[in-house]
Each structure stands twice: as structure tokens, then as C-alpha cells.
file entry.cif (mmCIF, C-alpha atoms)
data_start
loop_
_atom_site.label_atom_id
_atom_site.label_comp_id
_atom_site.auth_asym_id
_atom_site.auth_seq_id
_atom_site.Cartn_x
_atom_site.Cartn_y
_atom_site.Cartn_z
CA MET N 1 -22.18 2.00 -9.94
CA ASN N 2 -23.79 5.38 -10.42
CA THR N 3 -25.75 4.09 -13.43
CA GLY N 4 -27.18 1.35 -11.26
CA LEU N 5 -28.00 3.83 -8.52
CA LYS N 6 -29.81 6.08 -10.99
CA THR N 7 -31.66 3.19 -12.57
CA ASN N 8 -32.83 1.81 -9.24
CA LEU N 9 -33.26 5.08 -7.36
CA HIS N 10 -36.96 4.55 -6.78
CA THR N 11 -36.27 1.20 -5.09
CA LEU N 12 -33.24 2.50 -3.20
CA GLN N 13 -35.09 5.53 -1.82
CA LYS N 14 -36.79 3.14 0.59
CA ARG N 15 -33.34 2.56 2.11
CA GLY N 16 -32.43 6.25 2.32
CA MET N 17 -30.78 6.78 -1.08
CA SER N 18 -31.41 10.17 -2.66
CA GLN N 19 -30.69 11.99 -5.91
CA GLU N 20 -28.47 14.37 -3.93
CA PHE N 21 -26.31 11.45 -2.83
CA ILE N 22 -26.01 10.22 -6.41
CA ASP N 23 -25.09 13.73 -7.59
CA LEU N 24 -22.42 14.01 -4.88
CA PHE N 25 -21.16 10.54 -5.77
CA GLU N 26 -20.79 11.52 -9.45
CA SER N 27 -19.08 14.76 -8.46
CA SER N 28 -16.63 12.85 -6.27
CA ILE N 29 -15.83 10.49 -9.14
CA GLY N 30 -15.09 13.50 -11.34
CA SER N 31 -12.86 15.07 -8.69
CA VAL N 32 -10.92 11.87 -8.15
CA THR N 33 -10.47 11.41 -11.90
CA ALA N 34 -9.18 14.97 -12.30
CA LYS N 35 -6.76 14.68 -9.36
CA ASN N 36 -5.49 11.35 -10.66
CA ALA N 37 -4.80 12.91 -14.07
CA GLU N 38 -2.98 15.79 -12.37
CA GLN N 39 -0.90 13.34 -10.33
CA GLU N 40 0.05 11.36 -13.43
CA ARG N 41 1.10 14.58 -15.19
CA LEU N 42 3.20 15.58 -12.19
CA LYS N 43 4.85 12.16 -12.11
CA ALA N 44 5.74 12.50 -15.79
CA ASP N 45 7.14 15.99 -15.13
CA LEU N 46 9.18 14.61 -12.23
CA LYS N 47 10.66 11.88 -14.42
CA THR N 48 11.68 14.50 -16.98
CA ALA N 49 13.23 16.72 -14.31
CA THR N 50 15.04 13.75 -12.79
CA ALA N 51 16.51 12.80 -16.16
CA ALA N 52 17.70 16.39 -16.68
CA LEU N 53 19.25 16.42 -13.20
CA GLU N 54 21.06 13.14 -13.82
CA ALA N 55 22.49 14.49 -17.09
CA LEU N 56 23.75 17.61 -15.31
CA LYS N 57 25.29 15.51 -12.54
CA GLN N 58 27.11 13.38 -15.10
CA GLN N 59 28.40 16.50 -16.82
CA LEU N 60 29.57 17.92 -13.50
CA SER N 61 31.27 14.64 -12.61
CA ALA N 62 33.14 14.64 -15.93
CA GLN N 63 34.22 18.24 -15.34
CA MET N 64 35.38 17.40 -11.83
CA GLN N 65 37.41 14.44 -13.10
CA GLU N 66 39.06 16.69 -15.69
CA ALA N 67 39.83 19.31 -13.05
CA VAL N 68 41.36 16.68 -10.76
CA LYS N 69 43.55 15.39 -13.61
CA VAL N 70 44.81 18.88 -14.45
CA VAL N 71 45.56 19.69 -10.81
CA LYS N 72 47.39 16.37 -10.31
CA LEU N 73 49.48 16.92 -13.43
CA GLU N 74 50.40 20.44 -12.37
CA ILE N 75 51.21 19.60 -8.77
CA LEU N 76 52.95 16.28 -9.30
#

call {"tool": "encode", "arguments": {"input": "entry.cif", "output": "C-alpha cells"}}
result
Amino acid sequence: MNTGLKTNLHTLQKRGMSQEFIDLFESSIGSVTAKNAEQERLKADLKTATAALEALKQQLSAQMQEAVKVVKLEIL
């Protein structure tokens, strides 16, 4: 889109288009691209953290089951 705007700027200026608008448009595209990359990185980090949490929860569950068995054997 911005290539077309740049190429046809002279024609589009009749309708109120300016180089400043095109510059802002390009800057916005860059900002959106950067934020999207950051979001994708954060999602990947979240998946990693979630996997680590699930592993810890499974370990805790196994420990709890073992503790329950020992207590039942001792009390009963």
C-alpha cells in the first residue's frame, strides 16, 4: 500500500494525501510489526512457562499420592 501511495503521491495530493501521512503510515506499520513480534515472543514464553508449571504440578501430585499412601499405611 505504501509503495502505491509513494508512487502516486503527486496524483493523490489533489485529494489531500501528503508525504507526512505516508511517513506516519510507514511508521505505524513498523510499530505494529514490532509489537506483533513482541506478542509472539511472549506467547512462546508463556507456553514454556505453562509446560514447566504442568511438570511441577505433576511432580507435586505424585508426591501427594505417596504421602497419602504412607499416612494410610501408618494409620490403618

call {"tool": "residues_around", "arguments": {"input": "entry.cif", "residues": "stretch 23-27 of chain N", "least_positions_apart": "4", "cutoff": "7 Å", "atoms": "all atoms listed in the file", "output": "count of residues only"}}
result
3

call {"tool": "atom_distance", "arguments": {"input": "entry.cif", "atom1": "atom CA of N:Ile29", "atom2": "atom CA of N:Met17"}}
result
17.4 Å

call {"tool": "atom_distance", "arguments": {"input": "entry.cif", "atom1": "atom CA of N:Phe21", "atom2": "atom CA of N:Thr3"}}
result
12.9 Å

call {"tool": "atom_distance", "arguments": {"input": "entry.cif", "atom1": "atom CA of N:Leu5", "atom2": "atom CA of N:Ala37"}}
result
25.5 Å

call {"tool": "decode", "arguments": {"input": "entry.cif", "residues": "stretch 35-62 of chain N", "atoms": "N, CA and C atoms", "output": "short mmCIF file (atom, residue, chain, number, x, y, z; two decimals), in the first residue's frame"}}
result
data_model
loop_
_atom_site.label_atom_id
_atom_site.label_comp_id
_atom_site.auth_asym_id
_atom_site.auth_seq_id
_atom_site.Cartn_x
_atom_site.Cartn_y
_atom_site.Cartn_z
N LYS N 35 5.39 -4.73 17.66
CA LYS N 35 4.52 -5.19 18.74
C LYS N 35 4.04 -6.61 18.49
N ASN N 36 3.76 -6.94 17.25
CA ASN N 36 3.34 -8.30 16.93
C ASN N 36 4.47 -9.30 17.23
N ALA N 37 5.69 -8.95 16.87
CA ALA N 37 6.83 -9.82 17.17
C ALA N 37 7.00 -9.99 18.68
N GLU N 38 6.82 -8.90 19.42
CA GLU N 38 6.91 -8.97 20.89
C GLU N 38 5.82 -9.89 21.44
N GLN N 39 4.61 -9.75 20.92
CA GLN N 39 3.50 -10.58 21.38
C GLN N 39 3.76 -12.06 21.09
N GLU N 40 4.28 -12.37 19.93
CA GLU N 40 4.58 -13.76 19.58
C GLU N 40 5.67 -14.32 20.51
N ARG N 41 6.67 -13.51 20.85
CA ARG N 41 7.71 -13.94 21.77
C ARG N 41 7.12 -14.21 23.14
N LEU N 42 6.24 -13.33 23.59
CA LEU N 42 5.60 -13.51 24.89
C LEU N 42 4.72 -14.75 24.92
N LYS N 43 4.03 -15.02 23.82
CA LYS N 43 3.22 -16.24 23.76
C LYS N 43 4.09 -17.48 23.85
N ALA N 44 5.24 -17.45 23.18
CA ALA N 44 6.16 -18.59 23.25
C ALA N 44 6.69 -18.76 24.67
N ASP N 45 7.03 -17.63 25.31
CA ASP N 45 7.49 -17.69 26.71
C ASP N 45 6.41 -18.25 27.62
N LEU N 46 5.17 -17.86 27.38
CA LEU N 46 4.05 -18.35 28.19
C LEU N 46 3.87 -19.86 28.02
N LYS N 47 4.00 -20.34 26.80
CA LYS N 47 3.89 -21.79 26.57
C LYS N 47 4.98 -22.53 27.33
N THR N 48 6.18 -22.00 27.32
CA THR N 48 7.29 -22.63 28.05
C THR N 48 7.02 -22.63 29.54
N ALA N 49 6.56 -21.50 30.07
CA ALA N 49 6.26 -21.40 31.50
C ALA N 49 5.11 -22.33 31.88
N THR N 50 4.12 -22.44 31.02
CA THR N 50 2.98 -23.32 31.29
C THR N 50 3.43 -24.77 31.33
N ALA N 51 4.30 -25.15 30.42
CA ALA N 51 4.82 -26.52 30.42
C ALA N 51 5.61 -26.80 31.70
N ALA N 52 6.41 -25.85 32.14
CA ALA N 52 7.17 -26.02 33.38
C ALA N 52 6.23 -26.14 34.57
N LEU N 53 5.18 -25.32 34.59
CA LEU N 53 4.20 -25.39 35.67
C LEU N 53 3.51 -26.74 35.70
N GLU N 54 3.11 -27.23 34.55
CA GLU N 54 2.43 -28.52 34.49
C GLU N 54 3.34 -29.64 34.99
N ALA N 55 4.61 -29.58 34.65
CA ALA N 55 5.56 -30.60 35.14
C ALA N 55 5.67 -30.55 36.66
N LEU N 56 5.73 -29.34 37.21
CA LEU N 56 5.80 -29.20 38.67
C LEU N 56 4.53 -29.70 39.34
N LYS N 57 3.39 -29.43 38.74
CA LYS N 57 2.12 -29.89 39.30
C LYS N 57 2.04 -31.41 39.29
N GLN N 58 2.55 -32.02 38.22
CA GLN N 58 2.55 -33.49 38.17
C GLN N 58 3.47 -34.05 39.24
N GLN N 59 4.62 -33.43 39.43
CA GLN N 59 5.55 -33.87 40.46
C GLN N 59 4.91 -33.74 41.84
N LEU N 60 4.27 -32.62 42.09
CA LEU N 60 3.59 -32.41 43.37
C LEU N 60 2.48 -33.42 43.58
N SER N 61 1.73 -33.71 42.55
CA SER N 61 0.65 -34.69 42.65
C SER N 61 1.21 -36.07 43.01
N ALA N 62 2.31 -36.46 42.38
CA ALA N 62 2.93 -37.75 42.69
C ALA N 62 3.41 -37.78 44.14
#
